[in-house]
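Undergrad: A single structure is presented below for examination.
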Amino acid sequence: MYYFIVNPNAGSRKGMRCWEEIKPYLLEEGIVFRELLTKGEGDAARFAERITEKGRPDVIVAVGGDGTLHETVSGMKKGTEAKLAFIPAGSGNDFARGMGYSKDPKERLRSILADENGAVINVGSTFAPDASGCFLVSSGIGYDARVCHMVNHAKTKKLMNRLHMGKLTYLGIGLRGLFAAELFEMRLVLDDSREEIFHDVLFASVHNLPYEGGGLKFSPDARPDDGFLNLCIVAGISKAKMIRLLSRVPGGKHIGCPGVYSFRCRKAEFFMEKPQFFHMDGEVPGQSCHVTAEIGSENLQILG
């Protein structure tokens with residue numbers, strides 16, 4: 001059975017338009033499916049939990065943005081035989097971009113229906129004293145998480161998405177967030193053995209895929225199936241230099257520049273003197289002085 005978890009409001013109703021495009025194809029091809037339309041936050045997770053608790057090898061297709069996919073994966077029971085698939089219909093679509101997916105909904109659907117085995121990808125986990133969760137794309141602390149928080153609460157986000165100018169929302173808020181950002185001190189422990197100290201940190205991001213923030217290539221070498229996380233940390237430079245540095249991020253040309261630190265690990269533990277915003281796939285549960293990110297113990301099978 002194919003279960004389609006559809007977020008109709010993703011990308012300013014792009015999710016609904018996408019579903020209205022692929023649903024007739026499913027009916028024409030005689031595909032047995034069930035549609036589940038989300039109405040609010042948490043619905044996708046509840047649908048996924050309900051489907052996977054049956055213990056059957058069903059296929060769950062999330063239709064929406066990275067947030068919809070994140071919720072769906074969060075709700076899936078560990079050890080489930082169900083397989084996952086994704087049709088992007090959001091404003092950022094960093095997971096689809098990192099996986100090299102087509103932007104055409106019907107092409108994505110045909111690819112999913114034709115794929116019997118799928119690809120096995122890693123799932124990251126982030127832990128803090130008051131919140132925890134998984135991520136497929138990235139997790140982060142500091143500036144990038146603060147920008148996610150600001151974007152998620154921006155009144156202009158829906159309007160800009162409707163005008164197909166969603167990236168300008170990230171850009172505008174990103175610049176505003178940079179000038180307002182408070183740099184912080186951080187201690188990093190890699191794989192329980194290596195320790196690094198950083199001063200004047202702007203952000204520390206942890207990547208399972210190369211992109212975040214709507215196409216910003218923070219970690220060009222990140223791969224979702226290699227069993228490792230890639231870290232990108234910006235610290236120890238002035239805000240003026242940070243602006244020039246961040247202009248190189250879309251092409252991934254910031255790597256190796258002064259003030260940019262890259263690491264590869266299975267586990268990263270961050271200790272900050274003051275609480276910092278942190279995120280998982282753009283979802284911001286709050287702030288913390290102690291955040292841990294690591295490769296999860298179970299992988300995920302994804303079709304298409």
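Numbering starts fresh at 1 for the residues of each chain in the structure tokens, the chains themselves are lettered A, B, ... in the order given, and ligands are numbered from 1 as they appear.
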Near range 293-301 of chain A, counting only C-alpha atoms, which residues have an atom at most 9 Å away, once you skip same-chain residues fewer than 4 positions from it, shown as a ChimeraX atom specification?
TA: /A:73,78-79,82-85,117-127,134,139-140,191,206,208,225,227-229,265-270
Undergrad: Could you list, as a ChimeraX atom specification, every residue within 12 Å of range 31-46 of chain A, counting only C-alpha atoms and ignoring same-chain residues fewer than 6 positions away?
TA: /A:1-10,15-16,19-20,22-25,52-53,58-77,109-110,113,133,283
Undergrad: Keeping N, CA and C atoms for every residue in the selection just given, could you write it to a file as a CSV table (one decimal), in the first residue's frame?
TA:
```
chain,number,residue,atom,x,y,z
A,1,MET,N,0.8,-1.2,0.0
A,1,MET,CA,0.0,0.0,0.0
A,1,MET,C,0.9,1.2,0.0
A,2,TYR,N,0.5,2.2,-0.8
A,2,TYR,CA,1.2,3.5,-0.8
A,2,TYR,C,0.4,4.5,0.0
A,3,TYR,N,1.0,5.1,1.0
A,3,TYR,CA,0.4,6.1,1.8
A,3,TYR,C,1.0,7.5,1.4
A,4,PHE,N,0.2,8.4,1.0
A,4,PHE,CA,0.8,9.7,0.6
A,4,PHE,C,0.4,10.7,1.7
A,5,ILE,N,1.4,11.2,2.4
A,5,ILE,CA,1.3,12.2,3.5
A,5,ILE,C,1.5,13.5,2.8
A,6,VAL,N,0.5,14.3,2.6
A,6,VAL,CA,0.5,15.5,1.8
A,6,VAL,C,0.4,16.7,2.7
A,7,ASN,N,1.3,17.7,2.6
A,7,ASN,CA,1.2,19.0,3.3
A,7,ASN,C,0.7,19.9,2.3
A,8,PRO,N,-0.6,20.2,2.2
A,8,PRO,CA,-1.2,21.1,1.2
A,8,PRO,C,-0.7,22.5,1.3
A,9,ASN,N,-0.2,23.0,2.4
A,9,ASN,CA,0.2,24.3,2.6
A,9,ASN,C,1.7,24.5,2.4
A,10,ALA,N,2.4,23.5,2.1
A,10,ALA,CA,3.9,23.6,1.9
A,10,ALA,C,4.1,24.5,0.6
A,15,GLY,N,2.2,22.4,-2.2
A,15,GLY,CA,2.0,21.0,-1.8
A,15,GLY,C,0.7,20.5,-2.4
A,16,MET,N,-0.4,21.3,-2.3
A,16,MET,CA,-1.7,20.9,-2.8
A,16,MET,C,-1.7,20.8,-4.3
A,19,TRP,N,0.0,17.7,-5.4
A,19,TRP,CA,-0.8,16.5,-5.2
A,19,TRP,C,-1.9,16.4,-6.2
A,20,GLU,N,-2.5,17.5,-6.6
A,20,GLU,CA,-3.6,17.6,-7.6
A,20,GLU,C,-3.0,17.2,-9.0
A,22,ILE,N,-0.4,14.8,-9.3
A,22,ILE,CA,0.0,13.4,-9.4
A,22,ILE,C,-1.1,12.5,-9.0
A,23,LYS,N,-2.1,12.9,-8.3
A,23,LYS,CA,-3.2,12.0,-8.0
A,23,LYS,C,-4.0,11.4,-9.2
A,24,PRO,N,-4.3,12.2,-10.2
A,24,PRO,CA,-4.9,11.6,-11.4
A,24,PRO,C,-4.0,10.5,-12.0
A,25,TYR,N,-2.7,10.7,-12.0
A,25,TYR,CA,-1.8,9.7,-12.6
A,25,TYR,C,-1.9,8.4,-11.8
A,52,THR,N,3.3,3.0,10.4
A,52,THR,CA,4.4,2.0,10.7
A,52,THR,C,4.2,1.1,11.9
A,53,GLU,N,3.2,1.5,12.8
A,53,GLU,CA,3.0,0.6,13.9
A,53,GLU,C,2.2,-0.7,13.5
A,58,ASP,N,4.8,-1.2,3.9
A,58,ASP,CA,4.1,-0.2,3.1
A,58,ASP,C,5.1,0.8,2.6
A,59,VAL,N,4.7,1.7,1.7
A,59,VAL,CA,5.5,2.8,1.2
A,59,VAL,C,4.9,4.1,1.7
A,60,ILE,N,5.6,4.9,2.4
A,60,ILE,CA,5.1,6.2,2.8
A,60,ILE,C,5.8,7.3,1.9
A,61,VAL,N,4.9,8.1,1.2
A,61,VAL,CA,5.4,9.1,0.3
A,61,VAL,C,5.1,10.5,0.9
A,62,ALA,N,6.1,11.2,1.4
A,62,ALA,CA,5.8,12.5,1.9
A,62,ALA,C,5.8,13.5,0.8
A,63,VAL,N,4.8,14.4,0.7
A,63,VAL,CA,4.7,15.4,-0.3
A,63,VAL,C,4.6,16.7,0.4
A,64,GLY,N,5.7,17.5,0.2
A,64,GLY,CA,5.8,18.8,0.9
A,64,GLY,C,7.2,19.3,0.9
A,65,GLY,N,7.5,20.1,2.0
A,65,GLY,CA,8.9,20.6,2.1
A,65,GLY,C,9.7,19.8,3.0
A,66,ASP,N,10.9,20.2,3.3
A,66,ASP,CA,11.9,19.5,4.2
A,66,ASP,C,11.3,19.3,5.6
A,67,GLY,N,10.4,20.3,6.0
A,67,GLY,CA,9.8,20.1,7.3
A,67,GLY,C,8.8,19.0,7.3
A,68,THR,N,8.1,18.8,6.2
A,68,THR,CA,7.1,17.7,6.1
A,68,THR,C,7.9,16.3,6.2
A,69,LEU,N,9.0,16.3,5.4
A,69,LEU,CA,9.8,15.1,5.4
A,69,LEU,C,10.4,14.8,6.8
A,70,HIS,N,10.9,15.8,7.5
A,70,HIS,CA,11.4,15.7,8.8
A,70,HIS,C,10.4,15.2,9.8
A,71,GLU,N,9.2,15.7,9.7
A,71,GLU,CA,8.1,15.2,10.6
A,71,GLU,C,7.8,13.8,10.3
A,72,THR,N,7.7,13.4,9.0
A,72,THR,CA,7.4,12.0,8.6
A,72,THR,C,8.4,11.0,9.2
A,73,VAL,N,9.7,11.3,9.0
A,73,VAL,CA,10.7,10.4,9.5
A,73,VAL,C,10.7,10.4,11.0
A,74,SER,N,10.4,11.5,11.6
A,74,SER,CA,10.4,11.5,13.1
A,74,SER,C,9.3,10.6,13.6
A,75,GLY,N,8.2,10.5,12.9
A,75,GLY,CA,7.1,9.6,13.4
A,75,GLY,C,7.2,8.2,13.0
A,76,MET,N,8.1,7.8,12.1
A,76,MET,CA,8.2,6.4,11.7
A,76,MET,C,8.8,5.6,12.9
A,77,LYS,N,8.2,4.4,13.2
A,77,LYS,CA,8.7,3.5,14.2
A,77,LYS,C,10.1,3.0,13.8
A,109,LEU,N,7.3,10.9,-9.1
A,109,LEU,CA,6.4,9.8,-8.8
A,109,LEU,C,6.7,8.5,-9.6
A,110,ARG,N,7.0,8.7,-10.9
A,110,ARG,CA,7.3,7.6,-11.7
A,110,ARG,C,8.6,6.9,-11.3
A,113,LEU,N,7.7,4.8,-8.1
A,113,LEU,CA,6.9,3.6,-8.4
A,113,LEU,C,7.7,2.6,-9.1
A,133,GLY,N,15.9,14.9,18.5
A,133,GLY,CA,15.2,14.5,17.3
A,133,GLY,C,16.2,14.1,16.3
A,283,GLU,N,14.0,22.8,11.8
A,283,GLU,CA,13.0,22.9,12.9
A,283,GLU,C,13.8,23.3,14.2
```
Undergrad: Write out as an NGL selection string the set of residues from range 7-128 of chain A that DSSP, computed on the backbone, places in strand (DSSP E or B).
TA: :A and (33-37 or 59-64 or 83-88 or 119-121 or 124-128)
Undergrad: Got time to write the residues from that selection, C-alpha atoms, as a PDB file, in the first residue's frame?
TA:
```pdb
ATOM      1  CA  PHE A  33      -3.054   4.290  -2.372  1.00  0.00           C
ATOM      2  CA  ARG A  34      -4.438   6.342   0.471  1.00  0.00           C
ATOM      3  CA  GLU A  35      -4.113  10.103   0.852  1.00  0.00           C
ATOM      4  CA  LEU A  36      -3.529  11.761   4.216  1.00  0.00           C
ATOM      5  CA  LEU A  37      -3.691  15.564   4.204  1.00  0.00           C
ATOM      6  CA  VAL A  59       5.518   2.814   1.231  1.00  0.00           C
ATOM      7  CA  ILE A  60       5.119   6.243   2.803  1.00  0.00           C
ATOM      8  CA  VAL A  61       5.433   9.120   0.328  1.00  0.00           C
ATOM      9  CA  ALA A  62       5.847  12.541   1.912  1.00  0.00           C
ATOM     10  CA  VAL A  63       4.677  15.393  -0.327  1.00  0.00           C
ATOM     11  CA  GLY A  64       5.761  18.804   0.932  1.00  0.00           C
ATOM     12  CA  LYS A  83       9.949   2.374   3.014  1.00  0.00           C
ATOM     13  CA  LEU A  84      10.037   6.129   2.568  1.00  0.00           C
ATOM     14  CA  ALA A  85       9.805   8.317  -0.536  1.00  0.00           C
ATOM     15  CA  PHE A  86       9.670  12.063  -1.042  1.00  0.00           C
ATOM     16  CA  ILE A  87       8.156  14.429  -3.587  1.00  0.00           C
ATOM     17  CA  PRO A  88       9.463  17.967  -2.932  1.00  0.00           C
ATOM     18  CA  ALA A 119      18.810   3.643  -1.464  1.00  0.00           C
ATOM     19  CA  VAL A 120      19.953   3.292   2.141  1.00  0.00           C
ATOM     20  CA  ILE A 121      20.839   6.605   3.765  1.00  0.00           C
ATOM     21  CA  GLY A 124      21.424  11.904  12.095  1.00  0.00           C
ATOM     22  CA  SER A 125      20.314  12.406  15.700  1.00  0.00           C
ATOM     23  CA  THR A 126      20.542  15.570  17.779  1.00  0.00           C
ATOM     24  CA  PHE A 127      20.263  15.593  21.576  1.00  0.00           C
ATOM     25  CA  ALA A 128      19.915  18.417  24.078  1.00  0.00           C
TER      26      ALA A 128
END
```
Undergrad: Give me, as a list in words, all polymer residues having an atom no more than 8 Å from range 90-99 of chain A, counting only C-alpha atoms and skipping those fewer than 6 positions away in the same chain.
TA: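 The filter keeps Ala10, Gly11, Lys14, Gly15, Gly64, Gly65, Asp66, Leu136, Val137, Asn161, Gly166, Lys167, Leu209, Pro210, Tyr211, Glu212, Gly213, Gly214 and Gly215 of chain A.
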Undergrad: Which residues, written as a VMD selection string, have at least one atom at most 8 Å from range 180-186 of chain A, with only C-alpha atoms counted and residues fewer than 3 positions away on the same chain left out?
TA: chain A and resid 143 176 to 177 197 to 202 270 to 274
Undergrad: What is the CA of Gly256 in chain A to CA of Val284 in chain A distance in Å?
TA: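 Straight-line distance from CA of Gly256 in chain A to CA of Val284 in chain A works out to 28.4 Å.
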Undergrad: Report the distance between CA of His279 in chain A and CA of Ala145 in chain A in Å, rounded to one decimal place.
TA: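 Here the two named atoms are 5.2 Å from each other.
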Undergrad: Quick one: of A:Leu245, A:Cys18, A:Val189, A:Ala48, who's nearest to Ala89 in chain A, counting only C-alpha atoms?
TA: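 Of A:Leu245, A:Cys18, A:Val189, A:Ala48, the one nearest Ala89 in chain A is A:Cys18, counting only C-alpha atoms.
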Undergrad: Quick one: residues within 10 Å of Gly251 in chain A, only C-alpha atoms counted, chain neighbours fewer than 5 positions away excluded, as a ChimeraX atom specification?
TA: /A:215-218,220
Undergrad: Would you put the residues from that selection into a file with C-alpha atoms, as a compact mmCIF listing (two decimals), in the first residue's frame?
TA:
```
# COMPACT_ATOMS: atom_id res chain seq x y z
CA GLY A 215 20.39 25.92 -1.58
CA LEU A 216 23.37 27.15 0.43
CA LYS A 217 26.20 24.65 -0.08
CA PHE A 218 27.65 24.71 3.43
CA PRO A 220 30.09 20.25 -0.38
```
Undergrad: Taking only range 23-170 of chain A into account, list the residues labelled alpha helix (DSSP H) by DSSP (computed from the backbone), as a VMD selection string.
TA: chain A and resid 23 to 28 43 to 52 66 to 75 94 to 99 105 to 114 143 to 152 157 to 162 166 to 170
Undergrad: Quick one, how far is CA of Glu29 in chain A from CA of Ser12 in chain A?
TA: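 Taking CA of Glu29 in chain A as the start and CA of Ser12 in chain A as the end point, the length is 28.5 Å.
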